[in-house]
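Q: This is upload.cif, which holds mmCIF, C-alpha atoms:
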```cif
data_input
loop_
_atom_site.label_atom_id
_atom_site.label_comp_id
_atom_site.auth_asym_id
_atom_site.auth_seq_id
_atom_site.Cartn_x
_atom_site.Cartn_y
_atom_site.Cartn_z
CA MET N 653 0.53 -33.16 19.95
CA ALA N 654 3.94 -33.29 18.29
CA ASP N 655 6.74 -33.70 20.84
CA ARG N 656 8.84 -31.13 19.02
CA VAL N 657 8.26 -28.81 16.03
CA THR N 658 11.20 -27.27 14.21
CA VAL N 659 10.72 -24.77 11.39
CA ILE N 660 13.67 -24.66 9.01
CA GLY N 661 14.20 -21.80 6.60
CA TRP N 662 15.88 -22.69 3.33
CA ASP N 663 17.48 -20.21 0.95
CA GLY N 664 19.21 -22.64 -1.39
CA SER N 665 22.40 -22.88 0.65
CA PRO N 666 23.53 -26.14 2.28
CA LEU N 667 21.58 -26.87 5.46
CA THR N 668 23.24 -25.97 8.74
CA ASP N 669 24.24 -28.62 11.27
CA ALA N 670 21.23 -27.65 13.43
CA ALA N 671 18.88 -28.05 10.45
CA ARG N 672 20.34 -31.42 9.43
CA SER N 673 20.11 -32.69 13.00
CA ALA N 674 16.45 -31.68 13.30
CA LEU N 675 15.61 -33.25 9.93
CA GLY N 676 17.41 -36.47 10.79
CA ALA N 677 15.24 -36.94 13.86
CA ALA N 678 11.95 -36.02 12.14
CA THR N 679 9.05 -38.45 11.95
CA LEU N 680 6.94 -35.94 9.98
CA VAL N 681 8.21 -33.43 7.41
CA ALA N 682 6.04 -30.74 5.81
CA GLY N 683 7.14 -28.56 2.93
CA ALA N 684 6.84 -27.76 -0.75
CA ALA N 685 7.78 -30.38 -3.34
CA HIS N 686 11.34 -29.10 -3.70
CA HIS N 687 11.79 -29.22 0.08
CA LEU N 688 10.54 -32.78 0.36
CA ALA N 689 13.00 -33.79 -2.37
CA LEU N 690 16.02 -32.74 -0.28
CA PRO N 691 18.32 -35.72 0.42
CA GLU N 692 18.36 -34.93 4.16
CA VAL N 693 14.64 -35.76 4.53
CA PRO N 694 14.43 -39.18 6.27
CA PRO N 695 12.97 -41.77 3.88
CA ARG N 696 10.64 -43.20 6.55
CA ALA N 697 9.25 -39.86 7.73
CA GLU N 698 5.65 -39.01 6.94
CA ARG N 699 5.57 -36.28 4.30
CA ILE N 700 3.01 -33.50 3.94
CA ARG N 701 2.93 -31.38 0.82
CA LEU N 702 2.56 -27.84 2.14
CA GLY N 703 -0.42 -26.19 0.48
CA SER N 704 -2.62 -24.84 3.23
CA VAL N 705 -0.46 -24.05 6.25
CA ALA N 706 -3.55 -24.23 8.48
CA LEU N 707 -4.29 -27.81 7.39
CA ALA N 708 -0.67 -28.77 7.94
CA ALA N 709 -0.71 -27.16 11.39
CA ARG N 710 -3.74 -29.24 12.39
CA ARG N 711 -2.05 -32.43 11.17
CA ILE N 712 1.16 -31.56 13.05
CA ALA N 713 -0.82 -30.86 16.21
CA GLN N 714 -2.26 -34.39 16.01
CA HIS N 715 1.11 -36.05 15.29
CA ARG N 716 2.89 -38.08 17.94
CA GLY N 717 6.56 -37.61 17.22
CA THR N 718 8.99 -34.99 15.97
CA ALA N 719 7.84 -32.66 13.20
CA VAL N 720 9.84 -30.43 10.86
CA VAL N 721 8.39 -27.75 8.59
CA LEU N 722 10.55 -26.55 5.70
CA ALA N 723 9.92 -23.11 4.20
CA ASP N 724 11.67 -20.80 1.76
CA GLY N 725 13.66 -17.91 3.17
CA ASP N 726 13.10 -16.69 6.70
CA PRO N 727 9.95 -18.48 7.99
CA GLY N 728 9.40 -15.76 10.59
CA PHE N 729 9.12 -13.01 8.00
CA PHE N 730 5.66 -13.16 6.39
CA GLY N 731 6.06 -16.93 6.77
CA VAL N 732 4.65 -20.06 8.37
CA VAL N 733 5.74 -19.32 11.94
CA ARG N 734 2.81 -16.97 12.58
CA THR N 735 0.24 -19.60 11.59
CA LEU N 736 1.96 -22.43 13.44
CA ARG N 737 2.06 -20.36 16.63
CA ALA N 738 -1.64 -19.52 16.48
CA PRO N 739 -3.40 -20.38 19.79
CA GLU N 740 -5.81 -22.86 18.18
CA TYR N 741 -2.97 -25.27 17.34
CA GLY N 742 -1.07 -25.08 20.64
CA LEU N 743 2.30 -25.56 18.96
CA GLU N 744 5.59 -24.40 20.41
CA VAL N 745 8.15 -24.10 17.64
CA GLU N 746 11.89 -23.77 17.30
CA VAL N 747 13.07 -21.79 14.28
CA VAL N 748 16.22 -22.28 12.22
CA PRO N 749 16.18 -19.12 10.07
CA ALA N 750 17.65 -18.44 6.66
CA VAL N 751 18.14 -15.34 4.53
CA SER N 752 14.72 -13.94 3.67
CA SER N 753 13.71 -13.82 0.03
CA VAL N 754 13.46 -10.03 0.29
CA ALA N 755 17.03 -9.73 1.58
CA ALA N 756 18.21 -12.13 -1.14
CA ALA N 757 16.38 -10.16 -3.86
CA PHE N 758 17.95 -6.85 -2.82
CA ALA N 759 21.35 -8.54 -2.58
CA ARG N 760 21.00 -9.82 -6.15
CA ALA N 761 20.09 -6.28 -7.21
CA GLY N 762 22.99 -4.80 -5.23
CA MET N 763 20.68 -2.38 -3.44
CA PRO N 764 20.15 -1.40 0.21
CA TRP N 765 16.70 -2.18 1.50
CA ASP N 766 16.30 -0.52 4.89
CA ASP N 767 14.41 2.24 3.06
CA ALA N 768 12.03 -0.11 1.22
CA ARG N 769 8.37 -0.74 1.86
CA ILE N 770 7.58 -4.47 1.91
CA VAL N 771 4.13 -5.76 0.96
CA VAL N 772 2.54 -9.14 0.36
CA ALA N 773 0.33 -9.37 -2.73
CA HIS N 774 -2.64 -11.72 -3.02
CA SER N 775 -5.10 -11.76 -5.89
CA ARG N 776 -7.92 -10.67 -3.57
CA ASP N 777 -6.19 -7.45 -2.51
CA LEU N 778 -3.51 -6.83 -5.12
CA ARG N 779 -4.69 -3.26 -5.62
CA ARG N 780 -3.48 -2.30 -2.13
CA ALA N 781 0.04 -3.52 -2.97
CA VAL N 782 -0.17 -1.56 -6.22
CA ASN N 783 -1.17 1.57 -4.31
CA VAL N 784 1.95 1.26 -2.16
CA CYS N 785 4.02 1.02 -5.35
CA ARG N 786 2.32 4.16 -6.63
CA ALA N 787 3.06 6.08 -3.44
CA HIS N 788 6.64 5.03 -2.63
CA THR N 789 9.94 4.99 -4.48
CA LYS N 790 11.18 1.55 -3.40
CA VAL N 791 8.87 -1.37 -2.68
CA ALA N 792 9.48 -5.11 -2.43
CA VAL N 793 6.42 -7.16 -3.40
CA LEU N 794 6.15 -10.75 -2.22
CA THR N 795 3.91 -12.12 -4.97
CA SER N 796 1.57 -15.09 -5.17
CA PRO N 797 -0.17 -16.95 -8.01
CA GLY N 798 -2.58 -14.56 -9.72
CA ALA N 799 -0.83 -11.58 -8.14
CA GLY N 800 2.55 -11.62 -9.86
CA PRO N 801 4.68 -9.21 -11.87
CA ALA N 802 2.34 -9.16 -14.89
CA GLU N 803 -0.76 -8.36 -12.83
CA LEU N 804 1.17 -5.78 -10.83
CA ALA N 805 2.30 -4.06 -14.03
CA LEU N 806 -1.20 -4.01 -15.51
CA LEU N 807 -2.65 -2.27 -12.46
CA LEU N 808 0.20 0.25 -12.44
CA ASP N 809 -0.94 1.48 -15.86
CA GLY N 810 0.06 5.12 -16.29
CA VAL N 811 2.75 5.04 -13.58
CA HIS N 812 6.31 4.41 -14.75
CA ARG N 813 8.42 2.15 -12.55
CA THR N 814 11.39 -0.20 -12.95
CA PHE N 815 10.88 -3.84 -11.97
CA VAL N 816 13.64 -6.11 -10.66
CA ILE N 817 12.03 -9.55 -10.85
CA CYS N 818 13.75 -12.34 -8.93
CA GLU N 819 12.41 -15.80 -9.82
CA GLU N 820 12.98 -19.00 -7.84
CA LEU N 821 15.64 -17.52 -5.60
CA GLY N 822 18.09 -20.02 -4.16
CA THR N 823 17.40 -22.72 -6.73
CA ASP N 824 19.37 -23.74 -9.83
CA ARG N 825 16.60 -22.06 -11.87
CA GLU N 826 17.12 -18.67 -10.22
CA GLN N 827 16.83 -15.73 -12.62
CA VAL N 828 16.92 -11.96 -12.13
CA THR N 829 15.34 -9.72 -14.78
CA VAL N 830 15.34 -5.91 -14.88
CA LEU N 831 12.81 -4.15 -17.10
CA THR N 832 10.34 -1.29 -17.11
CA SER N 833 6.88 -1.93 -15.69
CA ASP N 834 5.15 -1.53 -19.06
CA LYS N 835 7.09 -4.56 -20.36
CA ALA N 836 6.40 -6.90 -17.44
CA ALA N 837 2.91 -7.88 -18.61
CA ASP N 838 4.35 -9.32 -21.84
CA HIS N 839 6.12 -12.19 -20.05
CA VAL N 840 5.21 -15.34 -18.13
CA TRP N 841 6.95 -15.39 -14.75
CA ARG N 842 7.81 -18.39 -12.59
CA ASP N 843 6.67 -18.70 -8.97
CA PRO N 844 7.85 -18.01 -6.41
CA ASN N 845 9.20 -14.57 -7.19
CA VAL N 846 9.92 -11.26 -5.53
CA VAL N 847 9.47 -7.97 -7.40
CA ILE N 848 11.46 -4.91 -6.42
CA VAL N 849 9.61 -1.85 -7.70
CA VAL N 850 11.67 1.33 -7.90
CA GLY N 851 11.13 4.76 -9.42
CA GLY N 852 9.30 8.00 -9.00
CA SER N 853 10.59 11.44 -8.14
CA PRO N 854 12.52 11.48 -4.85
CA GLY N 855 12.10 15.22 -4.33
CA GLY N 856 14.43 17.43 -2.35
CA ALA N 857 18.18 17.08 -2.05
CA ALA N 858 19.61 13.60 -1.65
CA ALA N 859 20.60 12.94 1.93
CA GLN N 860 24.01 11.77 3.05
CA GLY N 861 24.36 8.74 5.29
CA THR N 862 21.45 6.56 6.34
CA GLY N 863 18.05 6.94 7.85
CA TRP N 864 16.94 5.70 11.25
CA LEU N 865 13.54 4.06 10.62
CA ALA N 866 13.16 1.01 8.38
CA GLY N 867 10.64 1.32 5.58
CA HIS N 868 11.02 5.07 5.15
CA GLU N 869 12.86 6.66 2.27
CA VAL N 870 16.36 7.68 3.30
CA GLY N 871 16.60 11.44 3.16
CA HIS N 872 12.89 11.80 2.36
CA PRO N 873 12.12 15.37 3.43
CA THR N 874 9.84 15.25 6.42
CA GLY N 875 8.54 18.70 5.56
CA PRO N 876 6.76 20.91 8.06
CA ARG N 877 5.22 19.20 11.05
CA GLY N 878 1.47 18.65 11.02
CA TRP N 879 -1.20 18.79 8.35
CA GLY N 880 -3.86 21.26 7.28
CA LEU N 881 -0.87 23.56 6.67
CA PRO N 882 -1.14 27.29 5.92
CA ALA N 883 -0.97 28.79 2.45
CA ARG N 884 2.63 29.98 2.82
CA VAL N 885 3.82 26.35 2.93
CA TYR N 886 2.35 25.89 -0.54
CA GLY N 887 3.84 28.98 -2.06
CA GLY N 888 1.12 31.57 -1.69
CA VAL N 889 -2.64 31.99 -1.97
CA LEU N 890 -4.80 28.86 -1.96
CA GLY N 891 -7.76 28.42 -4.24
CA GLU N 892 -11.43 28.47 -3.36
CA GLY N 893 -12.33 25.47 -1.23
CA GLU N 894 -8.73 24.94 -0.08
CA SER N 895 -8.73 26.91 3.15
CA VAL N 896 -6.73 25.51 6.05
CA GLN N 897 -9.81 24.78 8.15
CA LEU N 898 -11.79 23.10 5.36
CA ARG N 899 -8.81 21.05 4.17
CA THR N 900 -8.09 19.92 7.73
CA ALA N 901 -11.67 18.75 8.23
CA GLN N 902 -11.72 16.99 4.85
CA LEU N 903 -8.50 15.09 5.53
CA ALA N 904 -9.71 14.12 9.00
CA ARG N 905 -12.84 12.54 7.50
CA LEU N 906 -11.00 10.85 4.62
CA GLY N 907 -8.28 9.37 6.84
CA PRO N 908 -5.87 8.50 3.97
CA GLN N 909 -3.36 5.78 4.83
CA VAL N 910 -0.78 3.45 3.32
CA GLY N 911 -2.44 1.13 0.79
CA ASP N 912 -5.25 3.57 -0.05
CA LEU N 913 -5.86 5.28 -3.36
CA VAL N 914 -7.17 8.83 -3.01
CA TRP N 915 -8.91 10.69 -5.80
CA ASP N 916 -8.59 14.48 -5.48
CA ILE N 917 -10.96 15.87 -8.09
CA GLY N 918 -10.59 19.56 -8.74
CA ALA N 919 -7.15 19.52 -7.13
CA GLY N 920 -6.65 23.27 -7.49
CA THR N 921 -3.22 24.21 -6.15
CA GLY N 922 -2.55 20.61 -5.07
CA ALA N 923 -2.41 21.31 -1.32
CA ALA N 924 -4.93 18.60 -0.37
CA ALA N 925 -3.38 16.07 -2.77
CA VAL N 926 0.10 16.64 -1.36
CA GLU N 927 -1.10 16.32 2.21
CA ALA N 928 -2.92 13.07 1.45
CA ALA N 929 0.30 11.75 -0.12
CA ARG N 930 2.25 12.74 2.99
CA PHE N 931 0.13 10.24 4.91
CA GLY N 932 1.59 7.51 2.66
CA ALA N 933 -1.48 7.04 0.45
CA ALA N 934 -1.40 6.85 -3.33
CA VAL N 935 -3.02 9.92 -4.88
CA ILE N 936 -4.46 10.75 -8.27
CA ALA N 937 -5.00 14.49 -8.61
CA VAL N 938 -7.46 15.50 -11.34
CA ASP N 939 -8.00 18.99 -12.68
CA ALA N 940 -9.34 20.51 -15.90
CA ALA N 941 -6.89 23.43 -15.82
CA PRO N 942 -3.39 22.73 -17.20
CA GLU N 943 -1.83 25.32 -14.89
CA SER N 944 -3.36 23.60 -11.86
CA CYS N 945 -1.94 20.26 -13.00
CA GLU N 946 1.50 21.80 -13.45
CA ARG N 947 1.40 23.45 -10.04
CA THR N 948 0.26 20.24 -8.33
CA ALA N 949 3.10 18.26 -9.93
CA ALA N 950 5.64 20.91 -8.92
CA LEU N 951 4.29 21.00 -5.38
CA ALA N 952 4.58 17.22 -5.10
CA ARG N 953 8.23 17.35 -6.22
CA ARG N 954 8.97 20.11 -3.74
CA HIS N 955 7.49 18.12 -0.86
CA GLY N 956 9.05 14.84 -1.99
CA VAL N 957 5.82 12.85 -2.41
CA GLN N 958 4.60 10.64 -5.22
CA LEU N 959 1.30 11.38 -6.91
CA GLN N 960 -0.19 11.04 -10.38
CA VAL N 961 -1.60 14.15 -12.02
CA VAL N 962 -4.38 13.67 -14.58
CA HIS N 963 -5.48 16.53 -16.79
CA GLY N 964 -9.15 16.32 -17.73
CA ARG N 965 -12.68 17.26 -16.86
CA ALA N 966 -14.73 15.19 -14.43
CA PRO N 967 -16.85 13.13 -14.58
CA GLN N 968 -15.76 11.91 -18.04
CA ILE N 969 -12.07 11.61 -17.14
CA LEU N 970 -12.88 9.39 -14.13
CA GLU N 971 -14.04 6.41 -16.20
CA ASP N 972 -10.53 5.05 -16.82
CA LEU N 973 -9.07 5.70 -13.37
CA PRO N 974 -8.41 2.79 -10.98
CA GLU N 975 -10.83 2.22 -8.11
CA PRO N 976 -10.51 4.75 -5.26
CA ASP N 977 -10.72 4.08 -1.52
CA VAL N 978 -11.61 7.66 -0.60
CA VAL N 979 -12.47 10.72 -2.71
CA ARG N 980 -12.23 14.46 -2.22
CA VAL N 981 -14.39 16.42 -4.64
CA GLY N 982 -13.08 19.96 -4.82
CA GLY N 983 -15.37 20.99 -7.67
CA GLY N 984 -17.82 19.77 -10.28
CA GLY N 985 -21.07 19.68 -8.37
CA ALA N 986 -23.64 16.92 -7.97
CA GLU N 987 -22.81 15.31 -11.33
CA VAL N 988 -19.25 14.57 -10.20
CA VAL N 989 -20.38 13.38 -6.77
CA THR N 990 -22.84 10.99 -8.43
CA ALA N 991 -20.11 9.59 -10.69
CA CYS N 992 -17.81 9.08 -7.69
CA ALA N 993 -20.54 7.37 -5.67
CA ALA N 994 -21.04 4.91 -8.53
CA ARG N 995 -17.43 3.70 -7.97
CA ARG N 996 -18.27 2.91 -4.31
CA PRO N 997 -15.33 4.40 -2.41
CA GLU N 998 -15.50 4.07 1.34
CA ARG N 999 -15.80 7.82 1.87
CA ILE N 1000 -16.48 10.94 -0.19
CA VAL N 1001 -16.00 14.51 1.04
CA THR N 1002 -17.01 17.69 -0.73
CA HIS N 1003 -18.10 21.22 0.13
CA ALA N 1004 -20.64 23.86 -0.84
CA ALA N 1005 -20.81 27.63 -0.60
CA THR N 1006 -24.62 27.84 -0.29
CA ARG N 1007 -27.43 25.93 1.42
CA ASP N 1008 -29.06 25.03 -1.92
CA GLU N 1009 -25.78 23.62 -3.26
CA ALA N 1010 -25.24 21.67 -0.04
CA GLU N 1011 -28.71 20.11 -0.32
CA SER N 1012 -28.03 19.12 -3.93
CA LEU N 1013 -24.72 17.48 -3.05
CA GLY N 1014 -26.28 15.76 -0.04
CA ARG N 1015 -29.03 14.25 -2.21
CA ALA N 1016 -26.44 12.98 -4.69
CA LEU N 1017 -24.57 11.25 -1.87
CA ALA N 1018 -27.71 9.78 -0.34
CA ASP N 1019 -29.02 8.55 -3.70
CA GLY N 1020 -25.63 6.92 -4.26
CA GLY N 1021 -25.99 4.81 -1.11
CA TYR N 1022 -24.09 6.95 1.40
CA ASP N 1023 -24.90 8.14 4.89
CA VAL N 1024 -24.55 11.92 4.76
CA GLU N 1025 -23.11 14.27 7.35
CA CYS N 1026 -23.12 18.03 6.88
CA ALA N 1027 -21.47 20.70 9.02
CA LEU N 1028 -21.36 24.46 8.64
CA LEU N 1029 -17.78 25.58 9.15
CA GLN N 1030 -17.08 29.21 9.99
CA SER N 1031 -13.56 30.45 10.55
CA VAL N 1032 -12.11 33.88 11.10
CA ASP N 1033 -8.47 34.62 10.30
CA LEU N 1034 -7.07 37.27 12.63
CA ASP N 1035 -4.17 39.64 12.18
CA THR N 1036 -2.42 39.14 15.53
CA SER N 1037 -0.38 42.33 15.25
CA ALA N 1038 -3.56 44.37 15.70
CA TRP N 1039 -6.03 41.60 16.66
CA VAL N 1040 -8.41 42.55 13.91
CA GLU N 1041 -10.27 40.34 11.48
CA ARG N 1042 -8.36 39.69 8.29
CA GLU N 1043 -10.54 37.14 6.52
CA ARG N 1044 -13.78 35.27 7.23
CA SER N 1045 -14.83 31.97 5.66
CA VAL N 1046 -18.17 30.16 5.79
CA VAL N 1047 -18.60 26.82 4.02
CA PHE N 1048 -20.72 23.68 4.19
CA LEU N 1049 -18.68 20.48 4.62
CA LEU N 1050 -20.40 17.32 3.36
CA SER N 1051 -19.16 13.82 4.11
CA GLY N 1052 -20.54 10.62 2.66
CA TYR N 1053 -19.97 7.26 4.38
CA ARG N 1054 -20.64 4.18 2.30
CA VAL N 1055 -23.58 2.12 3.57
CA PRO N 1056 -22.55 -1.56 3.70
CA HIS N 1057 -24.63 -3.97 1.66
CA PRO N 1058 -26.96 -6.10 3.82
#
```
Could you spell out this file's structure in structure tokens?

A:
Amino acid sequence: MADRVTVIGWDGSPLTDAARSALGAATLVAGAAHHLALPEVPPRAERIRLGSVALAARRIAQHRGTAVVLADGDPGFFGVVRTLRAPEYGLEVEVVPAVSSVAAAFARAGMPWDDARIVVAHSRDLRRAVNVCRAHTKVAVLTSPGAGPAELALLLDGVHRTFVICEELGTDREQVTVLTSDKAADHVWRDPNVVIVVGGSPGGAAAQGTGWLAGHEVGHPTGPRGWGLPARVYGGVLGEGESVQLRTAQLARLGPQVGDLVWDIGAGTGAAAVEAARFGAAVIAVDAAPESCERTAALARRHGVQLQVVHGRAPQILEDLPEPDVVRVGGGGAEVVTACAARRPERIVTHAATRDEAESLGRALADGGYDVECALLQSVDLDTSAWVERERSVVFLLSGYRVPHP
């Protein structure tokens, strides 16, 4: 095992005395090509071109001597330190940090970043990073080959954002470009880069001062506590299938979270869509009625959440929408459920007013490859001034859980 492992962050500035001292004593140096070309790297040290950090960690663990790993930015922030400290390698590391690439990118843009979401994008799961950009007004994306600004822009189709693209930070080839997201796909961008994605409707009055929790929009209205909120929170009477009890059960089964994309088909007043967005998920609310679309958009602005409203009739309108993680079907029947099942979201929830309709929806879910759960929900709304019944609701709640492929 290496006698000593030092991880040095590099942000383009001159190396510190501690970094130079560690490098001068190194018998093995691992890093990218531009790191290994630094004049401080000892000419006789073994050099490892850092591609796979896991392979480098194994080689360092076998080395007898003093090892140094060079990395861009702060190596403890989405960097190599986590892998090097993994139990299977048994390495104890000392870290000489530098300014992280995210901090440098926001500094170049002249923007605060304690209210930014920070995500790492890989080609295998780029859509989750895109969903965060859909749902939040300020996001820093640490990109990778195949998951860069152009790919990010293409998947954001239909959502307007501004990109601040910072290429090769800390090098003499550093460049900062500001453009709208629809233009980003027309360029070839150099790696490594950081993309700051800003835009959307902040909603509510701008707050004075600062927030208290990193990664949350400063002054973002927290709104009323809880979820499954009553009709008065949404400005009046809710539509059919939007009762507090049904909506609460639907959201509990969907479990929307940051990185998810929720389809709300037959959004009605927008209450379910807004509540899903309050969980931090990206939401596309679909409705055939223009007035419903307008009300949903207004409700989202009032509650300070980001969502995309699509006017059109399902299932035809669904063909061009990006892939969902979970789906709420508020209307449209078995035909819409079948179309949603064909897109293979993890979960689908819907409801029915009658036993026959529930059986039809249940068959559509089962035929689509979903385990089906059905519950009969009955609720009674009481007038507490006289303790008499004010309204009674009976509805079938159907939930489909995707069956994994063998």

Q: Per residue of region 941-1024 of chain N within 10 Å of region 768-783 of chain N, record the nearest atom pair and its distance in Å to one decimal, counting all atoms listed in the file, with rows in chain order and ascending residue number, as CSV.

A:
```
residue,atom,partner,partner_atom,distance
N:Pro974,CA,N:Arg779,CA,8.9
N:Glu975,CA,N:Arg779,CA,8.6
N:Pro976,CA,N:Arg779,CA,9.9
N:Asp977,CA,N:Arg780,CA,9.7
```

Q: Residues of region 926-947 of chain N within 10 Å of region 879-892 of chain N: nearest atom pair and distance (Å, one decimal) for each, counting only C-alpha atoms, sorted by chain and number, as a Markdown table?

A:
```
| residue | atom | partner | partner_atom | distance |
| --- | --- | --- | --- | --- |
| N:Val926 | CA | N:Tyr886 | CA | 9.6 |
| N:Glu927 | CA | N:Trp879 | CA | 6.6 |
| N:Ala928 | CA | N:Trp879 | CA | 9.1 |
| N:Arg930 | CA | N:Trp879 | CA | 8.8 |
| N:Phe931 | CA | N:Trp879 | CA | 9.3 |
| N:Arg947 | CA | N:Tyr886 | CA | 9.9 |
```

Q: Kindly give the distance, in Å, that separates CA of Ile936 (chain N) and CA of Thr990 (chain N), rounded to a single decimal.

A: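 Distance between the two atoms: 18.4 Å.
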
Q: I want to know what sits within 7 Å of His963 (chain N), based on only C-alpha atoms, with residues of the same chain fewer than 3 positions away left out; could you give that as a short mmCIF file (atom, residue, chain, number, x, y, z; two decimals) with C-alpha atoms, in the frame of the given file?

A:
```
data_model
loop_
_atom_site.label_atom_id
_atom_site.label_comp_id
_atom_site.auth_asym_id
_atom_site.auth_seq_id
_atom_site.Cartn_x
_atom_site.Cartn_y
_atom_site.Cartn_z
CA VAL N 938 -7.46 15.50 -11.34
CA ASP N 939 -8.00 18.99 -12.68
CA ALA N 940 -9.34 20.51 -15.90
CA PRO N 942 -3.39 22.73 -17.20
CA CYS N 945 -1.94 20.26 -13.00
#
```

Q: Write out as a list in words each polymer residue whose atoms come within 9 Å of region 726-742 of chain N, counting only C-alpha atoms; drop sequence neighbours fewer than 2 positions from it.

A: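 Final neighbour list, sorted by chain and number: Met653, Val659, Ile660, Gly661, Trp662, Asp663, Val705, Ala706, Ala708, Ala709, Arg710, Ile712, Ala713, Val721, Leu722, Ala723, Asp724, Glu744, Val745, Val747, Val748, Pro749, Ala750, Val751, Ser752, Ser753, Val772 and Leu794 of chain N.
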
Q: Could you turn the residues from that selection into a file that holds C-alpha atoms, as a CSV table (one decimal), keeping the file's coordinate frame?

A:
```
chain,number,residue,atom,x,y,z
N,653,MET,CA,0.5,-33.2,20.0
N,659,VAL,CA,10.7,-24.8,11.4
N,660,ILE,CA,13.7,-24.7,9.0
N,661,GLY,CA,14.2,-21.8,6.6
N,662,TRP,CA,15.9,-22.7,3.3
N,663,ASP,CA,17.5,-20.2,1.0
N,705,VAL,CA,-0.5,-24.0,6.2
N,706,ALA,CA,-3.6,-24.2,8.5
N,708,ALA,CA,-0.7,-28.8,7.9
N,709,ALA,CA,-0.7,-27.2,11.4
N,710,ARG,CA,-3.7,-29.2,12.4
N,712,ILE,CA,1.2,-31.6,13.0
N,713,ALA,CA,-0.8,-30.9,16.2
N,721,VAL,CA,8.4,-27.8,8.6
N,722,LEU,CA,10.6,-26.6,5.7
N,723,ALA,CA,9.9,-23.1,4.2
N,724,ASP,CA,11.7,-20.8,1.8
N,744,GLU,CA,5.6,-24.4,20.4
N,745,VAL,CA,8.2,-24.1,17.6
N,747,VAL,CA,13.1,-21.8,14.3
N,748,VAL,CA,16.2,-22.3,12.2
N,749,PRO,CA,16.2,-19.1,10.1
N,750,ALA,CA,17.6,-18.4,6.7
N,751,VAL,CA,18.1,-15.3,4.5
N,752,SER,CA,14.7,-13.9,3.7
N,753,SER,CA,13.7,-13.8,0.0
N,772,VAL,CA,2.5,-9.1,0.4
N,794,LEU,CA,6.2,-10.8,-2.2
```

Q: I need the output of the PyMOL selection byres ((chain N and resi 918) around 6) for this file as a list in words; which residues are they?

A: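 With the PyMOL selection byres ((chain N and resi 918) around 6) on this model, the match is Ile917, Ala919, Gly920, Val938, Asp939, Gly982 and Gly983 of chain N.
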
Q: I would like the residues chosen by the PyMOL selection byres ((chain N and resi 1007) around 12) on the shown file; could you give them as a short mmCIF file (atom, residue, chain, number, x, y, z; two decimals) with C-alpha atoms, in the coordinates of the input?

A:
```cif
data_model
loop_
_atom_site.label_atom_id
_atom_site.label_comp_id
_atom_site.auth_asym_id
_atom_site.auth_seq_id
_atom_site.Cartn_x
_atom_site.Cartn_y
_atom_site.Cartn_z
CA HIS N 1003 -18.10 21.22 0.13
CA ALA N 1004 -20.64 23.86 -0.84
CA ALA N 1005 -20.81 27.63 -0.60
CA THR N 1006 -24.62 27.84 -0.29
CA ASP N 1008 -29.06 25.03 -1.92
CA GLU N 1009 -25.78 23.62 -3.26
CA ALA N 1010 -25.24 21.67 -0.04
CA GLU N 1011 -28.71 20.11 -0.32
CA SER N 1012 -28.03 19.12 -3.93
CA LEU N 1013 -24.72 17.48 -3.05
CA GLY N 1014 -26.28 15.76 -0.04
CA CYS N 1026 -23.12 18.03 6.88
CA ALA N 1027 -21.47 20.70 9.02
CA LEU N 1028 -21.36 24.46 8.64
CA VAL N 1046 -18.17 30.16 5.79
CA VAL N 1047 -18.60 26.82 4.02
CA PHE N 1048 -20.72 23.68 4.19
CA LEU N 1049 -18.68 20.48 4.62
CA LEU N 1050 -20.40 17.32 3.36
#
```

Q: So what does the PyMOL selection byres ((chain N and resi 815-824) around 6) actually pick up in this one, as a list of chain:residue names?

A: N:Asp663, N:Gly664, N:Thr814, N:Arg825, N:Glu826, N:Gln827, N:Val828, N:Thr829, N:Val830, N:Leu831, N:Thr832, N:Ser833, N:Arg842, N:Pro844, N:Asn845, N:Val846, N:Val847, N:Ile848, N:Val849

Q: Using only C-alpha atoms, pick whichever of N:Ile969, N:Leu807, N:Leu906, N:Val693 has the shortest atom-to-atom distance to Val988 (chain N).

A: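 When distances to Val988 (chain N) are compared using only C-alpha atoms, the smallest one comes from N:Ile969.
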
Q: Can you list, as a list of chain:residue names, every protein, DNA or RNA residue that comes within 8 Å of Asp834 (chain N) when you count only C-alpha atoms, leaving out same-chain residues fewer than 2 positions away?

A: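 So, after excluding close chain neighbours, the residues are N:Ala805, N:Leu806, N:Asp809, N:His812, N:Thr832, N:Ala836, N:Ala837.
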
Q: If we count all atoms listed in the file and set the cut-off at 10 Å, which residues sit around Arg656 (chain N), ignoring sequence neighbours fewer than 5 positions away in its own chain? Please answer as a list in words.

A: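 Using all atoms listed in the file, the neighbours found are Ala674, Ala678, Ile712, His715, Arg716, Gly717, Thr718, Ala719, Val720, Leu743, Glu744, Val745 and Glu746 of chain N.
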
Q: Which residue, N:Gly1021, N:Leu865, N:Val1001, N:Val978, has the smallest gap to Thr900 (chain N) when you use all atoms listed in the file?

A: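 Smallest separation from Thr900 (chain N) among the options: N:Val1001.
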